[in-house]
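Enquirer: Contents of data-v8.txt (compact mmCIF, C-alpha atoms) are given next:
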```
# COMPACT_ATOMS: atom_id res chain seq x y z
CA MET W 1 188.27 -101.74 112.83
CA ALA W 2 185.26 -102.38 110.63
CA VAL W 3 184.81 -100.13 107.63
CA ALA W 4 181.58 -99.92 105.65
CA ALA W 5 179.82 -97.75 103.13
CA GLY W 6 176.29 -97.35 101.91
CA THR W 7 177.29 -97.63 98.24
CA THR W 8 180.22 -98.86 96.20
CA SER W 9 180.62 -96.42 93.32
CA GLY W 10 182.69 -93.31 92.68
CA ALA W 11 185.16 -91.97 95.19
CA GLY W 12 183.73 -94.08 97.99
CA ALA W 13 184.21 -97.44 96.31
CA GLY W 14 187.13 -98.47 98.49
CA VAL W 15 185.47 -97.86 101.87
CA ARG W 16 184.29 -101.34 102.74
CA THR W 17 186.49 -103.53 104.92
CA GLY W 18 189.22 -103.19 107.49
CA GLY W 19 192.93 -103.53 106.96
CA GLY W 20 195.50 -101.25 105.43
CA PRO W 21 197.45 -98.39 106.99
CA GLY W 22 196.15 -97.18 110.31
CA SER W 23 193.76 -100.02 111.07
CA GLY W 24 196.17 -101.74 113.42
CA THR W 25 196.03 -98.84 115.88
CA ALA W 26 192.27 -99.15 116.11
CA ALA W 27 192.14 -102.93 116.26
CA GLY W 28 190.14 -104.16 119.23
CA SER W 29 189.00 -100.64 120.13
CA GLY W 30 185.45 -101.03 118.83
CA LEU W 31 185.90 -98.42 116.11
CA SER W 32 183.95 -98.54 112.87
CA VAL W 33 184.14 -96.21 109.87
CA THR W 34 181.29 -95.57 107.46
CA LEU W 35 180.76 -93.29 104.50
CA CYS W 36 177.54 -91.27 104.37
CA ARG W 37 176.51 -90.38 100.82
CA ASP W 38 172.79 -89.95 101.35
CA GLU W 39 171.26 -86.56 102.17
CA ARG W 40 168.55 -88.10 104.36
CA GLN W 41 171.11 -90.03 106.39
CA PHE W 42 173.10 -86.84 106.84
CA ALA W 43 169.97 -85.07 108.09
CA ALA W 44 169.33 -87.88 110.56
CA LEU W 45 172.76 -87.36 112.12
CA GLU W 46 171.72 -84.05 113.72
CA THR W 47 171.58 -85.21 117.34
CA GLN W 48 174.74 -87.36 117.17
CA TRP W 49 176.57 -84.63 115.26
CA ALA W 50 175.63 -82.03 117.87
CA ALA W 51 177.15 -84.19 120.63
CA LEU W 52 180.35 -84.64 118.61
CA TYR W 53 180.49 -80.93 117.81
CA ARG W 54 180.22 -80.07 121.53
CA GLY W 55 182.96 -82.57 122.30
CA CYS W 56 185.43 -81.09 119.80
CA ALA W 57 187.06 -78.11 121.51
CA THR W 58 188.57 -76.72 118.30
CA ALA W 59 185.32 -76.70 116.30
CA THR W 60 184.08 -73.43 114.83
CA PRO W 61 180.42 -72.60 114.11
CA PHE W 62 180.97 -73.62 110.49
CA GLN W 63 181.28 -77.26 111.63
CA SER W 64 177.85 -77.36 113.27
CA HIS W 65 175.29 -79.67 111.69
CA SER W 66 172.88 -76.77 111.32
CA TRP W 67 175.34 -74.83 109.16
CA LEU W 68 176.64 -77.76 107.12
CA TYR W 69 173.33 -79.46 106.40
CA SER W 70 171.67 -76.17 105.50
CA TRP W 71 174.59 -75.38 103.18
CA TRP W 72 174.19 -78.76 101.51
CA LEU W 73 170.47 -78.17 100.90
CA SER W 74 171.22 -74.84 99.19
CA TYR W 75 174.53 -75.57 97.46
CA GLY W 76 175.10 -79.32 97.34
CA THR W 77 175.09 -81.41 94.17
CA PRO W 78 173.04 -84.63 94.39
CA GLY W 79 175.25 -87.71 94.42
CA ARG W 80 178.38 -85.84 95.56
CA LEU W 81 178.00 -86.02 99.34
CA ARG W 82 180.93 -87.77 101.07
CA VAL W 83 180.87 -87.66 104.89
CA VAL W 84 183.30 -90.03 106.62
CA LEU W 85 182.05 -91.10 110.05
CA VAL W 86 183.91 -92.84 112.89
CA ARG W 87 181.94 -94.55 115.65
CA ARG W 88 182.94 -96.32 118.83
CA GLY W 89 180.27 -98.59 120.22
CA GLY W 90 177.62 -96.75 118.23
CA GLN W 91 178.70 -93.29 119.42
CA LEU W 92 179.86 -90.82 116.78
CA VAL W 93 183.41 -89.82 117.71
CA GLY W 94 184.83 -88.46 114.46
CA ALA W 95 183.61 -86.97 111.19
CA ALA W 96 184.94 -85.38 108.00
CA PRO W 97 182.16 -83.50 106.15
CA LEU W 98 183.18 -83.49 102.48
CA MET W 99 181.81 -83.53 98.96
CA LEU W 100 183.19 -84.74 95.64
CA THR W 101 184.00 -82.29 92.85
CA HIS W 102 185.60 -82.80 89.45
CA ARG W 103 187.13 -79.40 88.77
CA PRO W 104 189.94 -79.19 87.87
CA LEU W 105 190.35 -82.87 88.83
CA PRO W 106 188.63 -85.27 91.26
CA LEU W 107 188.74 -83.65 94.69
CA LEU W 108 187.13 -84.18 98.06
CA VAL W 109 186.50 -80.71 99.48
CA PRO W 110 184.83 -79.51 102.70
CA LEU W 111 181.13 -78.78 102.85
CA GLY W 112 180.52 -75.07 103.33
CA GLY W 113 182.31 -73.78 100.24
CA GLY W 114 183.26 -70.17 99.78
CA ILE W 115 180.69 -68.78 102.22
CA SER W 116 182.28 -70.50 105.23
CA ASP W 117 185.31 -68.88 106.86
CA PHE W 118 186.72 -72.06 108.42
CA SER W 119 186.67 -75.77 107.62
CA ASP W 120 187.75 -78.69 109.79
CA VAL W 121 187.12 -82.29 110.75
CA LEU W 122 185.54 -83.18 114.10
CA ILE W 123 187.18 -85.35 116.75
CA ASP W 124 185.66 -86.03 120.17
CA GLY W 125 188.45 -85.00 122.56
CA SER W 126 187.08 -87.14 125.40
CA GLN W 127 187.63 -90.41 123.51
CA PRO W 128 190.72 -92.64 123.67
CA SER W 129 193.37 -92.37 120.98
CA GLY W 130 192.84 -94.07 117.65
CA THR W 131 189.95 -91.98 116.34
CA LEU W 132 192.21 -89.80 114.19
CA THR W 133 193.95 -92.83 112.73
CA ALA W 134 190.59 -94.40 111.95
CA LEU W 135 189.37 -91.19 110.32
CA ALA W 136 192.53 -91.01 108.22
CA GLU W 137 192.02 -94.60 107.10
CA GLY W 138 188.40 -93.89 106.23
CA LEU W 139 189.42 -90.86 104.18
CA ARG W 140 192.17 -92.81 102.44
CA ARG W 141 189.66 -95.45 101.41
CA ALA W 142 187.03 -92.86 100.48
CA ALA W 143 189.43 -91.13 98.08
CA PRO W 144 191.41 -93.79 96.19
CA HIS W 145 191.26 -91.74 92.99
CA ALA W 146 190.77 -88.20 94.35
CA LEU W 147 192.83 -85.62 96.20
CA ILE W 148 191.59 -84.22 99.52
CA ASP W 149 191.70 -80.41 99.57
CA LEU W 150 190.95 -78.96 103.01
CA ARG W 151 190.71 -75.18 102.65
CA GLU W 152 190.52 -72.50 105.36
CA VAL W 153 191.82 -74.65 108.21
CA ARG W 154 192.31 -72.49 111.29
CA PRO W 155 195.61 -72.99 113.19
CA GLY W 156 195.07 -75.46 116.01
CA ALA W 157 192.22 -77.22 114.21
CA ALA W 158 191.68 -80.97 114.44
CA ALA W 159 192.55 -81.20 110.73
CA GLU W 160 196.15 -80.34 111.66
CA GLU W 161 196.33 -83.53 113.73
CA LEU W 162 194.81 -85.45 110.83
CA TYR W 163 197.47 -83.99 108.56
CA ALA W 164 200.21 -85.04 111.00
CA CYS W 165 199.12 -88.70 111.01
CA TRP W 166 198.20 -88.94 107.32
CA PRO W 167 199.80 -92.10 105.85
CA GLY W 168 200.13 -90.87 102.24
CA ALA W 169 201.29 -87.75 100.39
CA ARG W 170 200.57 -84.31 101.84
CA ARG W 171 201.25 -80.63 101.26
CA ARG W 172 200.55 -77.51 103.33
CA LEU W 173 199.85 -74.08 101.80
CA SER W 174 198.76 -70.76 103.24
CA ASP W 175 195.15 -69.68 102.77
CA SER W 176 193.12 -66.65 103.87
CA VAL W 177 194.26 -64.20 106.54
CA CYS W 178 191.97 -63.68 109.54
CA LEU W 179 192.16 -61.20 112.41
CA GLU W 180 191.35 -62.03 116.03
CA LEU W 181 190.79 -60.21 119.30
CA PRO W 182 190.55 -61.53 122.86
CA ALA W 183 186.99 -61.96 124.09
CA GLU W 184 186.90 -58.90 126.34
CA PRO W 185 184.36 -56.12 126.85
CA ILE W 186 184.80 -53.07 124.63
CA ASP W 187 186.32 -51.01 127.46
CA GLN W 188 189.19 -53.50 127.65
CA LEU W 189 189.59 -53.63 123.88
CA VAL W 190 189.85 -49.85 123.76
CA LYS W 191 192.89 -50.07 126.04
CA ARG W 192 194.72 -51.87 123.24
CA LEU W 193 194.65 -48.71 121.14
CA ALA W 194 196.98 -45.76 121.03
CA SER W 195 195.73 -42.91 123.22
CA GLY W 196 194.53 -40.73 120.32
CA ARG W 197 192.54 -43.49 118.66
CA ALA W 198 191.20 -44.68 122.02
CA GLN W 199 189.81 -41.20 122.68
CA ARG W 200 188.08 -41.19 119.30
CA VAL W 201 186.54 -44.60 119.94
CA ARG W 202 185.26 -43.49 123.35
CA ALA W 203 183.71 -40.44 121.67
CA LYS W 204 181.97 -42.72 119.16
CA LEU W 205 180.63 -44.87 121.98
CA ARG W 206 179.26 -41.81 123.75
CA LYS W 207 177.58 -40.75 120.50
CA LEU W 208 175.89 -44.14 120.22
CA ASP W 209 174.58 -43.78 123.76
CA ALA W 210 173.40 -40.22 123.09
CA LEU W 211 171.47 -41.30 119.99
CA GLY W 212 169.76 -44.04 121.98
CA ILE W 213 170.40 -46.89 119.53
CA GLU W 214 169.19 -50.07 121.18
CA GLY W 215 170.28 -53.63 120.38
CA ARG W 216 167.78 -56.47 120.62
CA ALA W 217 168.38 -60.23 120.37
CA VAL W 218 165.96 -61.70 117.84
CA PRO W 219 164.24 -64.86 119.16
CA GLU W 220 164.20 -68.06 117.12
CA HIS W 221 160.65 -67.68 115.76
CA GLU W 222 161.40 -64.18 114.44
CA VAL W 223 164.63 -65.12 112.66
CA PRO W 224 163.14 -65.44 109.13
CA CYS W 225 161.79 -61.89 109.25
CA GLY W 226 164.99 -60.67 110.87
CA ILE W 227 167.20 -62.19 108.15
CA ARG W 228 165.04 -60.64 105.41
CA GLU W 229 165.52 -57.25 107.03
CA LEU W 230 169.26 -57.81 107.47
CA LEU W 231 169.70 -58.71 103.80
CA ARG W 232 167.61 -55.72 102.75
CA LEU W 233 169.83 -53.42 104.78
CA HIS W 234 172.95 -55.21 103.51
CA GLU W 235 171.97 -54.59 99.90
CA LEU W 236 171.08 -50.98 100.69
CA GLN W 237 174.36 -50.44 102.50
CA TRP W 238 176.46 -51.74 99.59
CA ARG W 239 174.36 -50.44 96.71
CA GLY W 240 176.68 -48.99 94.08
CA ARG W 241 179.77 -50.05 96.04
CA GLY W 242 180.44 -53.62 94.88
CA VAL W 243 178.32 -55.90 97.05
CA THR W 244 179.29 -59.58 97.10
CA PRO W 245 176.92 -61.02 94.45
CA GLU W 246 176.29 -64.24 96.38
CA HIS W 247 174.76 -62.31 99.27
CA LEU W 248 171.92 -61.19 96.99
CA ARG W 249 171.02 -64.63 95.65
CA PRO W 250 167.95 -66.55 96.86
CA ARG W 251 169.96 -69.66 97.72
CA PHE W 252 172.11 -67.65 100.13
CA ALA W 253 169.04 -66.13 101.78
CA GLU W 254 167.48 -69.58 102.15
CA HIS W 255 170.65 -71.01 103.67
CA LEU W 256 171.28 -68.12 106.04
CA THR W 257 167.67 -68.12 107.25
CA ARG W 258 167.52 -71.86 107.79
CA ALA W 259 170.96 -72.15 109.42
CA THR W 260 170.59 -69.08 111.64
CA GLN W 261 167.21 -70.14 112.96
CA ARG W 262 168.53 -73.54 114.01
CA MET W 263 171.77 -72.12 115.39
CA VAL W 264 169.90 -69.50 117.44
CA ARG W 265 167.85 -72.36 118.85
CA ASP W 266 171.03 -74.22 119.83
CA GLY W 267 172.98 -71.21 121.11
CA ASP W 268 175.40 -71.30 118.16
CA ALA W 269 174.31 -67.97 116.68
CA ALA W 270 172.79 -64.63 117.65
CA LEU W 271 170.79 -62.35 115.39
CA THR W 272 170.74 -58.78 116.67
CA GLU W 273 168.59 -55.87 115.52
CA TYR W 274 169.53 -52.27 116.26
CA ARG W 275 166.70 -49.76 116.52
CA LEU W 276 166.66 -45.99 116.39
CA ASP W 277 163.39 -44.20 117.09
CA GLY W 278 161.59 -47.53 116.81
CA ALA W 279 162.94 -48.39 113.33
CA VAL W 280 165.46 -51.15 112.54
CA VAL W 281 168.57 -49.39 111.27
CA ALA W 282 171.06 -52.27 111.44
CA ALA W 283 171.21 -56.02 111.99
CA ASN W 284 173.94 -58.62 112.21
CA VAL W 285 174.44 -62.36 112.54
CA THR W 286 177.10 -63.57 114.96
CA LEU W 287 178.15 -67.23 114.82
CA GLN W 288 179.43 -68.93 117.98
CA SER W 289 181.17 -72.10 119.10
CA ALA W 290 182.54 -73.12 122.50
CA ARG W 291 185.61 -70.86 122.27
CA LEU W 292 185.01 -68.55 119.32
CA SER W 293 182.57 -65.83 118.35
CA GLY W 294 182.55 -64.07 114.99
CA GLY W 295 180.37 -61.47 113.31
CA TYR W 296 179.39 -63.14 110.02
CA LEU W 297 177.21 -60.65 108.13
CA TYR W 298 175.57 -57.32 108.85
CA GLY W 299 173.46 -54.70 107.16
CA ALA W 300 173.12 -51.04 108.09
CA ASP W 301 171.00 -48.17 106.84
CA PRO W 302 173.26 -45.70 104.96
CA GLN W 303 171.62 -42.89 106.95
CA LEU W 304 173.72 -44.01 109.91
CA ARG W 305 176.79 -42.81 108.06
CA THR W 306 175.28 -39.38 107.56
CA ARG W 307 174.72 -39.26 111.32
CA LYS W 308 178.39 -40.16 111.93
CA VAL W 309 177.55 -43.50 113.53
CA ASP W 310 180.48 -45.95 113.58
CA VAL W 311 178.56 -49.13 112.77
CA ALA W 312 181.56 -51.45 113.21
CA THR W 313 182.17 -50.14 116.74
CA MET W 314 178.47 -50.49 117.55
CA LEU W 315 178.43 -54.13 116.47
CA LEU W 316 181.72 -54.98 118.17
CA ARG W 317 180.60 -53.52 121.50
CA ARG W 318 177.63 -55.86 121.74
CA ASP W 319 179.43 -58.89 120.32
CA ALA W 320 182.40 -58.39 122.65
CA ARG W 321 180.18 -58.14 125.71
CA HIS W 322 178.27 -61.29 124.79
CA ALA W 323 181.47 -63.23 124.02
CA ALA W 324 183.04 -62.24 127.33
CA GLU W 325 179.91 -62.99 129.36
CA SER W 326 179.47 -66.40 127.74
CA GLY W 327 183.03 -67.49 128.53
CA ARG W 328 184.38 -67.57 125.00
CA THR W 329 188.03 -66.71 124.51
CA VAL W 330 188.29 -65.41 120.93
CA ILE W 331 186.48 -62.79 118.88
CA SER W 332 187.24 -63.64 115.28
CA LEU W 333 186.89 -60.84 112.74
CA LEU W 334 186.88 -63.67 110.19
CA ARG W 335 188.53 -63.49 106.79
CA GLY W 336 189.87 -60.24 105.45
CA THR W 337 192.16 -57.44 106.61
CA GLU W 338 189.92 -54.45 106.05
CA PRO W 339 191.24 -51.23 107.64
CA TYR W 340 188.37 -50.95 110.12
CA LYS W 341 189.42 -54.32 111.58
CA SER W 342 193.09 -53.41 111.81
CA HIS W 343 192.29 -50.34 113.90
CA TRP W 344 191.79 -52.65 116.88
CA ARG W 345 195.36 -54.04 116.69
CA PRO W 346 194.18 -57.65 116.31
CA ALA W 347 196.33 -60.75 116.08
CA VAL W 348 196.94 -61.92 112.52
CA VAL W 349 196.04 -65.57 111.97
CA THR W 350 196.62 -67.28 108.64
CA ASN W 351 194.38 -70.18 107.67
CA GLN W 352 195.97 -73.21 106.04
CA ARG W 353 195.19 -75.29 103.00
CA LEU W 354 195.92 -78.95 103.69
CA LEU W 355 196.28 -81.28 100.70
CA LEU W 356 196.16 -85.05 101.21
CA ALA W 357 196.36 -88.00 98.82
CA THR W 358 197.19 -91.67 98.71
CA ALA W 359 200.82 -92.55 97.99
CA ALA W 360 199.84 -93.57 94.46
CA LEU W 361 198.59 -90.03 93.75
CA ALA W 362 201.70 -88.28 95.13
CA PRO W 363 202.80 -87.00 91.68
CA VAL W 364 199.34 -85.59 91.01
CA LEU W 365 199.31 -83.92 94.42
CA SER W 366 202.73 -82.31 93.78
CA LEU W 367 201.56 -80.94 90.44
CA TYR W 368 198.31 -79.62 91.94
CA ALA W 369 200.14 -77.98 94.86
CA ALA W 370 202.61 -76.31 92.47
CA GLN W 371 199.73 -75.00 90.38
CA LEU W 372 198.01 -73.55 93.46
CA ALA W 373 201.25 -71.98 94.71
CA GLY W 374 201.82 -70.36 91.30
CA ARG W 375 198.30 -69.03 91.26
CA ASP W 376 198.79 -67.55 94.73
CA ARG W 377 202.03 -65.84 93.65
CA ALA W 378 200.25 -64.37 90.62
CA ALA W 379 197.41 -63.13 92.82
CA ASP W 380 199.90 -61.53 95.22
CA ALA W 381 201.59 -59.80 92.29
CA VAL W 382 198.27 -58.45 91.05
CA ARG W 383 197.46 -57.12 94.52
CA THR W 384 200.87 -55.47 94.69
CA ILE W 385 200.89 -53.79 91.28
CA GLY W 386 197.14 -53.21 91.07
CA PRO W 387 197.20 -49.79 92.80
CA VAL W 388 200.19 -48.76 90.65
CA VAL W 389 198.39 -49.75 87.44
CA ARG W 390 195.22 -47.95 88.50
CA ASP W 391 197.23 -44.80 89.28
CA TRP W 392 199.03 -45.07 85.94
CA ARG W 393 195.75 -45.44 84.06
CA THR W 394 194.29 -42.47 85.91
CA ARG W 395 197.30 -40.31 85.07
CA LEU W 396 197.27 -41.46 81.45
CA GLY W 397 193.57 -40.72 81.20
CA GLY W 398 194.17 -37.24 82.57
CA ARG W 399 196.90 -36.56 80.04
CA ARG W 400 194.68 -37.68 77.19
CA ALA W 401 191.90 -35.46 78.42
CA ASP W 402 194.33 -32.54 78.65
CA GLY W 403 195.45 -33.15 75.07
CA GLU W 404 191.88 -33.21 73.80
CA ARG W 405 190.71 -29.99 75.44
CA PRO W 406 192.08 -27.52 72.83
CA ALA W 407 190.36 -29.39 69.99
CA ALA W 408 187.12 -29.53 71.91
CA GLY W 409 187.29 -25.86 72.75
CA GLY W 410 187.89 -24.93 69.10
CA ARG W 411 184.70 -26.45 67.80
```
As structure tokens, what does this structure read like?

Expert:
Amino acid sequence: MAVAAGTTSGAGAGVRTGGGPGSGTAAGSGLSVTLCRDERQFAALETQWAALYRGCATATPFQSHSWLYSWWLSYGTPGRLRVVLVRRGGQLVGAAPLMLTHRPLPLLVPLGGGISDFSDVLIDGSQPSGTLTALAEGLRRAAPHALIDLREVRPGAAAEELYACWPGARRRLSDSVCLELPAEPIDQLVKRLASGRAQRVRAKLRKLDALGIEGRAVPEHEVPCGIRELLRLHELQWRGRGVTPEHLRPRFAEHLTRATQRMVRDGDAALTEYRLDGAVVAANVTLQSARLSGGYLYGADPQLRTRKVDVATMLLRRDARHAAESGRTVISLLRGTEPYKSHWRPAVVTNQRLLLATAALAPVLSLYAAQLAGRDRAADAVRTIGPVVRDWRTRLGGRRADGERPAAGGR
């Protein structure tokens, strides 16, 4: 196995020559491992990456080149790109899209950051064995002085296989909770519900039909205008109710527009507008891979609520039909356990956080994992006692107000 890199500084300094753990498996197989640290080289990988992405059955839309490269343009830090690439005879057969950070210590973390619901590595399933071992060796050499922190790894992902064959230290933690439904038309999904709730959902569907709300797939050339309208409706929908700040920032709009347009072109996304009396009243972006479809972001005119329109049911009906017709098997409701998702009795799927390091950094990895676990326990405690504290503060505030009323009335 030949191993090379474009540069020799920072976390990638050790990725140069063969040898070391894992290289014996790949010997004589024509495998080579390189480290991409240049933005232009990453851009030039689009066609090869797309073929690898199609060949990795477990990939989610967040591993597409369109999503990752667009994210890098909006959120990446120059000089921090670290993409480990495995080739066999010139064909790209494995990749780990990462970047270097220094907080709280040197880490290699997935591209996509907090706005991506899943991260993973890519492995071409049609290739002979050895690719995973070569990728692990490339990562080991790319991170001689850094930990590898793979967040939001979906169960069954290729990164799980990487974790299993990792030659150094490793730890597994739980990450975000996601909810999933089978890719079936809405009529089949309704059958999952208790009879009373199923009747209410059918009534909501009839109301949608009676209002005449029409869904329309936005073509590629109209995506920029469509995303602007979606984000306008998203801000309007959440105004005064705690919108996610990142969704209002220009860099997010630039990324979502750029990524969605390319993904619509490639069949990896759908942008849908919903019209009532000729006006756009809602819009949503659905991201898609070979097996999975997930509604990523939507915006809806608040007037729909006053007209008793169940927006979530409206979006799910169209997304479910498209997922079923296109042969996908999973409708992911992505991260979060909001009540409107739980109504559909979805399967609960917990993402994983996979920590990897060389054997020399095992003590650092153990300390880092313990710190993360402690932070998670503290967060769980806050979530548990938070409602109690809020209720206590409300009651205390009421008592204080009661005690002040006589003095105020005597003035």

Enquirer: How close does each residue of segment 37-134 of chain W get to segment 322-339 of chain W, giving the shortest atom pair and distance in Å to one decimal for every residue with an atom at most 12 Å away, counting only C-alpha atoms, sorted by chain and residue number, as a tab-separated table?

Expert:
```
residue	atom	partner	partner_atom	distance
W:Ala57	CA	W:Arg328	CA	11.4
W:Thr58	CA	W:Val330	CA	11.6
W:Thr60	CA	W:Ser332	CA	10.3
W:Pro61	CA	W:Ser332	CA	11.3
W:Phe62	CA	W:Leu334	CA	11.6
W:Gly114	CA	W:Arg335	CA	11.0
W:Ile115	CA	W:Arg335	CA	10.5
W:Ser116	CA	W:Arg335	CA	9.5
W:Asp117	CA	W:Arg335	CA	6.3
W:Phe118	CA	W:Leu334	CA	8.6
```

Enquirer: With a distance cut-off of 9 Å and only C-alpha atoms, select the neighbouring residues of Gln63 of chain W, excluding the residue or stretch itself and same-chain residues fewer than 4 positions from it, and output the selection as number ranges by chain.

Expert: W: 53, 59, 67-68, 97, 111-112, 118-122

Enquirer: Which of these, W:Ser174, W:Gly242, W:Arg321, W:Tyr298, has the shortest distance to Ala373 of chain W once you count only C-alpha atoms?

Expert: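 For Ala373 of chain W, the nearest of the candidates is W:Ser174.
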
Enquirer: Using atom CA of Pro346 of chain W and atom CA of Arg200 of chain W as the two end points, give the distance in Å to one decimal.

Expert: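 Atom CA of Arg200 of chain W lies 17.8 Å from atom CA of Pro346 of chain W.
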
Enquirer: Select, from W:Ala269, W:Val86, W:Met314, W:Leu292, the residue with the minimum atom-to-atom distance to Lys207 of chain W, counting all atoms listed in the file.

Expert: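 Closest residue, counting all atoms listed in the file: W:Met314.
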
Enquirer: When you count all atoms listed in the file, which of these residues is closest to Arg197 of chain W: W:Val309, W:Glu161, W:Ser289, W:Arg345?

Expert: W:Arg345

Enquirer: Got a sec: who's within 9 Å of Gln199 of chain W, counting only C-alpha atoms, leaving out chain neighbours fewer than 5 positions off, as a PyMOL selection string?

Expert: chain W and resi 190+194+204

Enquirer: Could you check the closest approach to Arg141 of chain W for each of W:Leu205, W:Leu315, W:Ala43, W:Leu35 and tell me which residue wins, using all atoms listed in the file?

Expert: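 Closest to Arg141 of chain W, using all atoms listed in the file: W:Leu35.
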
Enquirer: I'd like the interatomic distance between atom CA of Leu372 of chain W and atom CA of Leu100 of chain W, to a tenth of an Å.

Expert: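 These atoms are spaced 18.7 Å apart.
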
Enquirer: What is the atom CA of Val109 of chain W to atom CA of Ile148 of chain W distance in Å?

Expert: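 Atom CA of Val109 of chain W sits 6.2 Å away from atom CA of Ile148 of chain W.
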
Enquirer: Considering all atoms listed in the file, return as a list in words whatever protein or nucleic-acid residues lie within 10 Å of segment 350-353 of chain W, sequence-local ones (same chain, fewer than 2 positions apart) excluded.

Expert: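 So the residues in contact are Asp117, Phe118, Ser119, Asp149, Leu150, Arg151, Glu152, Val153, Arg154, Pro155, Gly156, Ala157, Ala159, Glu160, Arg171, Arg172, Leu173, Ser174, Asp175, Ser176, Val177, Cys178, Leu179, Arg335, Ala347, Val348, Leu355, Leu356 and Ala369 of chain W.
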
Enquirer: Counting only C-alpha atoms, which of W:Leu256, W:Gln237, W:Leu31, W:Leu361 gets nearest to Trp72 of chain W?

Expert: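 Checking each of W:Leu256, W:Gln237, W:Leu31, W:Leu361 against Trp72 of chain W, counting only C-alpha atoms, the winner is W:Leu256.
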
Enquirer: Let me make sure I understand: among W:Leu354, W:Gly299, W:Val243, W:Val83, which one has the smallest atom-to-atom distance to Ala158 of chain W if we use only C-alpha atoms?

Expert: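 Closest residue, counting only C-alpha atoms: W:Leu354.
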
Enquirer: Excluding Thr77 of chain W and its own-chain neighbours fewer than 2 positions away, which residues fall within 12 Å of it when counting only C-alpha atoms? Please give them as a list in words.

Expert: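 Residues meeting the cut-off are Arg37, Asp38, Glu39, Trp71, Trp72, Leu73, Ser74, Tyr75, Gly79, Arg80, Leu81, Arg82, Leu98, Met99, Leu100, Thr101, His102 and Leu111 of chain W.
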